[in-house]
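Student: First, the structure itself, so that you have it in front of you.
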Amino acid sequence: MPDLSFIARNASFLFDGLLLSLTLTAAGVIGGLAVGIALVLVRLFTGVVGNCVVDAYVFVFRAIPLILVIFWFYFMVPLILGRPVGAWTSAIVAFTLFEGAYYSEILRAGLKSVRAGQMHAALAGGMNRAQALRYVIFPQAITAMIPIFLTQAIILFQDTSLVFVVSLHDFLTATTIIANRDGRLVETYASACLVYYLICLAATAGVDRLKRTFAR
Amino acid sequence: MIEFDHVNKHYGAHHVLRDITMTVSRGEVVVVCGPSGSGKSTLIKCVNALESYQSGHILVEGVDVKSKARSAAALRQRVGMVFQNFELYPHLSVIDNICIAQRVVLKRHAGEARERAWRLLDRVGLRDKAAAYPMNLSGGQQQRIAIARALALDPEIMLFDEPTSALDPEMINEVLDVMTALAADGMTMMVVTHEMGFARRVASRVVFMDKGEVVEDCSTTEFFNDTKSRADRTRQFLDKILSH
């Protein structure tokens, strides 16, 4: 049995990293979802111009790796604002805008998965477009979207490790520091894997429950 | 009740509706038939503005379908529609399917909406299915619920777009029976269908369309009995669908 007491000794340092990863994930999911919903609403309720703008937005953020987006916001935004914004703020902004592009595409695919006849039926039943989306299309789309949202959130959680480029200590960065300092690579990274695994497991269970609630 | 006045519709180069002019009076049941692609579904979808048209006018209860004075939603409260593929809302129970538009569109209270829904369920003979979900119903039952859902808004006009085409043969009659009863109650109906038995029994008029044109528009008796006065393509169509 390998001696894991050094992990216990560094628990608070690792826990701070984990907390940062989780907070950043939550911010990315909530902020990204808000941006994604806004982008989809632009698509649905504005014409060709709105759609082109959203297309361009999505294209740009999908073309650039997340690590570059984080990096850019850290260095470019202070140039525009004339003052530094700090690693934490720039990371949150970068994650929100980046995830927004992905969430908007997930939402769009989900809405498209509901067949056109449903919209016709809702409209023919006297609803306006907003009501049709709210009461008929969205409740059906959400069940199709939930598993993809979960996947995206898990990817996001793992991607929070990229904030090391702006010197933030997320869980993986903290793990790396401990592993290198104590020269215990195998045990430390194995423990980190276990933590990632457990969090993924918990998230999956939570989403399954959510799915059952929606599906009734 | 419904007046078509020189209505034309194009999909690009394709002329889908050609100069349609006709009238549907209150209480009339007009069966629209014709080969596929003849524009009959498109025609009835123009009545509730699910389809647009480029020229001409359609008046529903005297008001132009395109008039700014009445919103599309307001028009569609007056004109119910039943679709080929039922299009019940799969995430809602049968009773909620019938209640949702009453709640959202007419702002009826839950109790009032449910009371109306129960009466309609009795009318289509499916009271015992109130709590079921659409996927657990047969096609015929789904279509009867779809009719109840459309009736829940107390429309003055009902449009049926091939209501029995997606059904297994043994379920066609239960749907046609509901429609027959509706017609007997005096509902104004436009029915796109190939059910010529239904047309013969229930329709006051039959309209035959081909290639976007109204080829025939005559009383049911004339349409079926006075075959000598019918156009060649009408006779060919009838021969095809009545031969077996």
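Residues are referred to by chain and number: the chain letter is A, B, ... according to the order shown in the structure tokens, the number counts from 1 in that chain, and ligands are numbered separately from 1 in the order shown.
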List as a list in words the protein and nucleic acid residues near range 61-66 of chain A, meaning an atom at most 9 Å away when only C-alpha atoms are counted, but skip any in the same chain fewer than 4 places from it.
Tutor: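 Contacts, in chain order: Ala56, Tyr57, Ile70, Phe71, Ala94, Phe95, Leu97, Phe98, Glu99, Gly100, Ala101, Tyr102, Asp159 and Leu162 of chain A.
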Student: Those same residues, written as a PDB file, in the first residue's frame with C-alpha atoms?
Tutor:
ATOM      1  CA  ALA A  56     -19.758  34.540 -37.367  1.00  0.00           C
ATOM      2  CA  TYR A  57     -19.639  34.490 -33.558  1.00  0.00           C
ATOM      3  CA  ILE A  70      -8.245  32.692 -22.162  1.00  0.00           C
ATOM      4  CA  PHE A  71      -4.842  34.037 -23.048  1.00  0.00           C
ATOM      5  CA  ALA A  94     -13.399  33.863 -21.702  1.00  0.00           C
ATOM      6  CA  PHE A  95     -15.222  30.709 -20.564  1.00  0.00           C
ATOM      7  CA  LEU A  97     -18.141  33.672 -24.325  1.00  0.00           C
ATOM      8  CA  PHE A  98     -16.471  30.472 -25.509  1.00  0.00           C
ATOM      9  CA  GLU A  99     -19.076  28.142 -24.019  1.00  0.00           C
ATOM     10  CA  GLY A 100     -21.852  30.430 -25.294  1.00  0.00           C
ATOM     11  CA  ALA A 101     -20.882  29.542 -28.855  1.00  0.00           C
ATOM     12  CA  TYR A 102     -21.106  25.815 -28.123  1.00  0.00           C
ATOM     13  CA  ASP A 159     -10.821  22.336 -19.603  1.00  0.00           C
ATOM     14  CA  LEU A 162      -6.210  25.602 -19.076  1.00  0.00           C
TER      15      LEU A 162
END
Student: Could you give me, as JSON lines, a per-residue list for chain A showing, wherever an atom lies at most 7 Å from an atom of chain B, the closest pair of atoms and their distance in Å to one decimal, using only C-alpha atoms and sorting by chain then residue number from low to high?
Tutor:
{"residue": "A:Gly117", "atom": "CA", "partner": "B:Glu87", "partner_atom": "CA", "distance": 6.2}
{"residue": "A:Gln118", "atom": "CA", "partner": "B:Glu87", "partner_atom": "CA", "distance": 5.8}
{"residue": "A:Ala121", "atom": "CA", "partner": "B:Glu87", "partner_atom": "CA", "distance": 6.2}
{"residue": "A:Ala124", "atom": "CA", "partner": "B:Arg76", "partner_atom": "CA", "distance": 5.6}
{"residue": "A:Gly125", "atom": "CA", "partner": "B:Arg76", "partner_atom": "CA", "distance": 6.3}
{"residue": "A:Gly126", "atom": "CA", "partner": "B:Ala73", "partner_atom": "CA", "distance": 4.5}
{"residue": "A:Met127", "atom": "CA", "partner": "B:Ala73", "partner_atom": "CA", "distance": 5.9}
{"residue": "A:Asn128", "atom": "CA", "partner": "B:Ala73", "partner_atom": "CA", "distance": 5.9}
{"residue": "A:Val136", "atom": "CA", "partner": "B:Tyr89", "partner_atom": "CA", "distance": 6.7}
{"residue": "A:Gln140", "atom": "CA", "partner": "B:His91", "partner_atom": "CA", "distance": 6.5}
Student: Calculated over only C-alpha atoms, which of the candidates A:Gln152, A:Thr173, A:Ser5, A:Ser104 has the smallest distance to Ile37 in chain A?
Tutor: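 Residue with the minimum atom-to-atom distance to Ile37 in chain A: A:Ser104.
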Student: Could you tell me which of B:Gly37, B:Gly125, B:Gly12, B:Gly56 comes closest to Ala181 in chain B if we count only C-alpha atoms?
Tutor: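 Between B:Gly37, B:Gly125, B:Gly12, B:Gly56, the residue approaching Ala181 in chain B most closely is B:Gly125.
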Student: Output as a PyMOL selection string all residues of range 23-201 of chain B that backbone DSSP marks as alpha helix (DSSP H).
Tutor: chain B and resi 40-47+72-78+94-104+110-123+139-151+169-184+196-201
Student: For CA of Glu156 in chain B and CA of Arg115 in chain A, quote the distance in Å rounded to one decimal.
Tutor: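 Result for CA of Glu156 in chain B versus CA of Arg115 in chain A: 27.9 Å, one decimal.
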Student: Val42 in chain A: which residues within 12 Å, counting only C-alpha atoms, same-chain residues fewer than 5 positions away excluded, as a list of chain:residue names?
Tutor: A:Val35, A:Gly36, A:Ile37, A:Gly47, A:Val48, A:Val49, A:Gly50, A:Asn51, A:Cys52, A:Val53, A:Val54, A:Asp55, A:Tyr57, A:Ser104, A:Arg108
Student: Give the answer as one residue: which of A:Ala34, A:Leu210, A:Leu107, A:Leu4 has the shortest atom-to-atom distance to Ile148 in chain A, using only C-alpha atoms?
Tutor: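 Of A:Ala34, A:Leu210, A:Leu107, A:Leu4, the one nearest Ile148 in chain A, counting only C-alpha atoms, is A:Leu107.
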Student: Between CA of Arg70 in chain B and CA of Glu28 in chain B, what is the distance in Å, rounded to a tenth?
Tutor: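 If I compute the distance from CA of Arg70 in chain B to CA of Glu28 in chain B, I get 23.8 Å.
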Student: To one decimal place, how far is CA of Val175 in chain B from CA of Gln143 in chain B in Å?
Tutor: 6.8 Å
Student: Show me, as a ChimeraX atom specification, the residues that have an atom within 12 Å of Phe13 in chain A when counting only C-alpha atoms, minus same-chain residues fewer than 4 positions from it.
Tutor: /A:6-9,17-20,169-178
Student: Keeping only N, CA, C and O atoms, write the selected residues as an mmCIF file, in the first residue's frame.
Tutor:
data_model
loop_
_atom_site.group_PDB
_atom_site.id
_atom_site.type_symbol
_atom_site.label_atom_id
_atom_site.label_comp_id
_atom_site.auth_asym_id
_atom_site.auth_seq_id
_atom_site.Cartn_x
_atom_site.Cartn_y
_atom_site.Cartn_z
ATOM 1 N N PHE A 6 0.782 12.130 2.219
ATOM 2 C CA PHE A 6 1.193 13.456 1.714
ATOM 3 C C PHE A 6 0.018 14.168 1.022
ATOM 4 O O PHE A 6 -0.041 15.384 1.003
ATOM 5 N N ILE A 7 -0.901 13.354 0.473
ATOM 6 C CA ILE A 7 -2.068 13.973 -0.161
ATOM 7 C C ILE A 7 -2.945 14.611 0.893
ATOM 8 O O ILE A 7 -3.436 15.732 0.726
ATOM 9 N N ALA A 8 -3.128 13.908 2.006
ATOM 10 C CA ALA A 8 -3.916 14.454 3.097
ATOM 11 C C ALA A 8 -3.283 15.750 3.609
ATOM 12 O O ALA A 8 -3.981 16.724 3.887
ATOM 13 N N ARG A 9 -1.958 15.760 3.681
ATOM 14 C CA ARG A 9 -1.264 16.954 4.171
ATOM 15 C C ARG A 9 -1.502 18.155 3.252
ATOM 16 O O ARG A 9 -1.517 19.290 3.685
ATOM 17 N N GLY A 17 -7.835 24.259 -5.303
ATOM 18 C CA GLY A 17 -7.784 24.095 -6.752
ATOM 19 C C GLY A 17 -9.085 23.525 -7.297
ATOM 20 O O GLY A 17 -9.627 24.003 -8.294
ATOM 21 N N LEU A 18 -9.580 22.516 -6.552
ATOM 22 C CA LEU A 18 -10.828 21.880 -6.987
ATOM 23 C C LEU A 18 -11.981 22.874 -6.951
ATOM 24 O O LEU A 18 -12.805 22.934 -7.858
ATOM 25 N N LEU A 19 -11.999 23.679 -5.904
ATOM 26 C CA LEU A 19 -13.058 24.680 -5.755
ATOM 27 C C LEU A 19 -13.019 25.673 -6.917
ATOM 28 O O LEU A 19 -14.054 26.052 -7.478
ATOM 29 N N LEU A 20 -11.789 26.059 -7.280
ATOM 30 C CA LEU A 20 -11.647 26.984 -8.405
ATOM 31 C C LEU A 20 -12.175 26.344 -9.691
ATOM 32 O O LEU A 20 -12.916 26.970 -10.466
ATOM 33 N N HIS A 169 -4.543 28.659 -10.168
ATOM 34 C CA HIS A 169 -4.323 27.281 -9.727
ATOM 35 C C HIS A 169 -5.621 26.511 -9.693
ATOM 36 O O HIS A 169 -6.333 26.531 -8.701
ATOM 37 N N ASP A 170 -5.950 25.835 -10.755
ATOM 38 C CA ASP A 170 -7.101 24.958 -10.743
ATOM 39 C C ASP A 170 -6.680 23.625 -10.145
ATOM 40 O O ASP A 170 -5.535 23.459 -9.704
ATOM 41 N N PHE A 171 -7.576 22.663 -10.142
ATOM 42 C CA PHE A 171 -7.295 21.388 -9.498
ATOM 43 C C PHE A 171 -6.088 20.676 -10.121
ATOM 44 O O PHE A 171 -5.188 20.218 -9.416
ATOM 45 N N LEU A 172 -6.049 20.597 -11.431
ATOM 46 C CA LEU A 172 -4.973 19.860 -12.089
ATOM 47 C C LEU A 172 -3.625 20.567 -11.911
ATOM 48 O O LEU A 172 -2.593 19.926 -11.717
ATOM 49 N N THR A 173 -3.652 21.898 -11.973
ATOM 50 C CA THR A 173 -2.419 22.664 -11.761
ATOM 51 C C THR A 173 -1.902 22.432 -10.339
ATOM 52 O O THR A 173 -0.703 22.207 -10.124
ATOM 53 N N ALA A 174 -2.824 22.474 -9.370
ATOM 54 C CA ALA A 174 -2.437 22.215 -7.978
ATOM 55 C C ALA A 174 -1.849 20.813 -7.845
ATOM 56 O O ALA A 174 -0.814 20.613 -7.192
ATOM 57 N N THR A 175 -2.490 19.850 -8.515
ATOM 58 C CA THR A 175 -1.996 18.474 -8.480
ATOM 59 C C THR A 175 -0.575 18.392 -9.031
ATOM 60 O O THR A 175 0.304 17.757 -8.440
ATOM 61 N N THR A 176 -0.365 19.061 -10.151
ATOM 62 C CA THR A 176 0.949 19.033 -10.789
ATOM 63 C C THR A 176 2.026 19.627 -9.868
ATOM 64 O O THR A 176 3.123 19.089 -9.759
ATOM 65 N N ILE A 177 1.660 20.712 -9.220
ATOM 66 C CA ILE A 177 2.626 21.354 -8.314
ATOM 67 C C ILE A 177 3.034 20.404 -7.197
ATOM 68 O O ILE A 177 4.225 20.201 -6.923
ATOM 69 N N ILE A 178 2.010 19.767 -6.570
ATOM 70 C CA ILE A 178 2.290 18.828 -5.483
ATOM 71 C C ILE A 178 3.120 17.639 -6.000
ATOM 72 O O ILE A 178 4.128 17.231 -5.398
#
Student: Give me, as a ChimeraX atom specification, all polymer residues having an atom no more than 12 Å from Ile44 in chain B, counting only C-alpha atoms and skipping those fewer than 5 positions away in the same chain.
Tutor: /A:124 /B:2-4,7,17,20,24,30-33,39,49-53,58,60,79-83,157-162,189-193,207
Student: May I have the selected residues written with C-alpha atoms, as a compact mmCIF listing (two decimals), in the first residue's frame?
Tutor:
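part.txt, written as the output of this step:
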# COMPACT_ATOMS: atom_id res chain seq x y z
CA ALA A 124 -52.53 26.45 -35.93
CA ILE B 2 -64.34 31.68 -46.52
CA GLU B 3 -63.88 33.49 -49.81
CA PHE B 4 -61.00 32.82 -52.18
CA VAL B 7 -55.46 33.42 -55.16
CA LEU B 17 -52.06 27.63 -56.68
CA ILE B 20 -58.28 30.03 -57.08
CA VAL B 24 -67.32 28.21 -48.61
CA VAL B 30 -66.34 21.03 -48.71
CA VAL B 31 -64.22 18.03 -49.62
CA VAL B 32 -61.10 18.92 -51.57
CA CYS B 33 -59.59 16.03 -53.52
CA GLY B 39 -52.03 22.01 -54.14
CA ALA B 49 -52.07 31.54 -42.75
CA LEU B 50 -49.75 28.57 -42.21
CA GLU B 51 -48.87 29.10 -45.89
CA SER B 52 -48.53 32.43 -47.63
CA TYR B 53 -49.69 33.35 -51.10
CA ILE B 58 -58.71 35.11 -48.86
CA VAL B 60 -62.32 34.51 -43.43
CA VAL B 79 -60.06 28.27 -37.65
CA GLY B 80 -59.10 24.88 -36.17
CA MET B 81 -56.85 22.47 -38.02
CA VAL B 82 -56.28 18.73 -37.97
CA PHE B 83 -53.10 17.33 -39.52
CA ILE B 157 -64.26 26.67 -39.14
CA MET B 158 -62.38 23.37 -39.15
CA LEU B 159 -59.69 22.42 -41.67
CA PHE B 160 -58.71 18.77 -42.12
CA ASP B 161 -55.51 17.97 -43.97
CA GLU B 162 -55.77 14.31 -45.03
CA MET B 189 -65.42 22.30 -42.75
CA MET B 190 -62.83 22.06 -45.50
CA VAL B 191 -61.58 18.50 -45.75
CA VAL B 192 -58.69 17.35 -47.90
CA THR B 193 -59.26 13.63 -48.28
CA VAL B 207 -63.73 20.46 -55.18
Student: Please list as a list in words every residue within 9 Å of Ala27 in chain A, counting only C-alpha atoms and excluding residues in the same chain fewer than 4 positions away.
Tutor: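 Using only C-alpha atoms, the neighbours found are Leu22, Thr23, Gly31, Gly32, Ile92, Phe95 and Thr96 of chain A.
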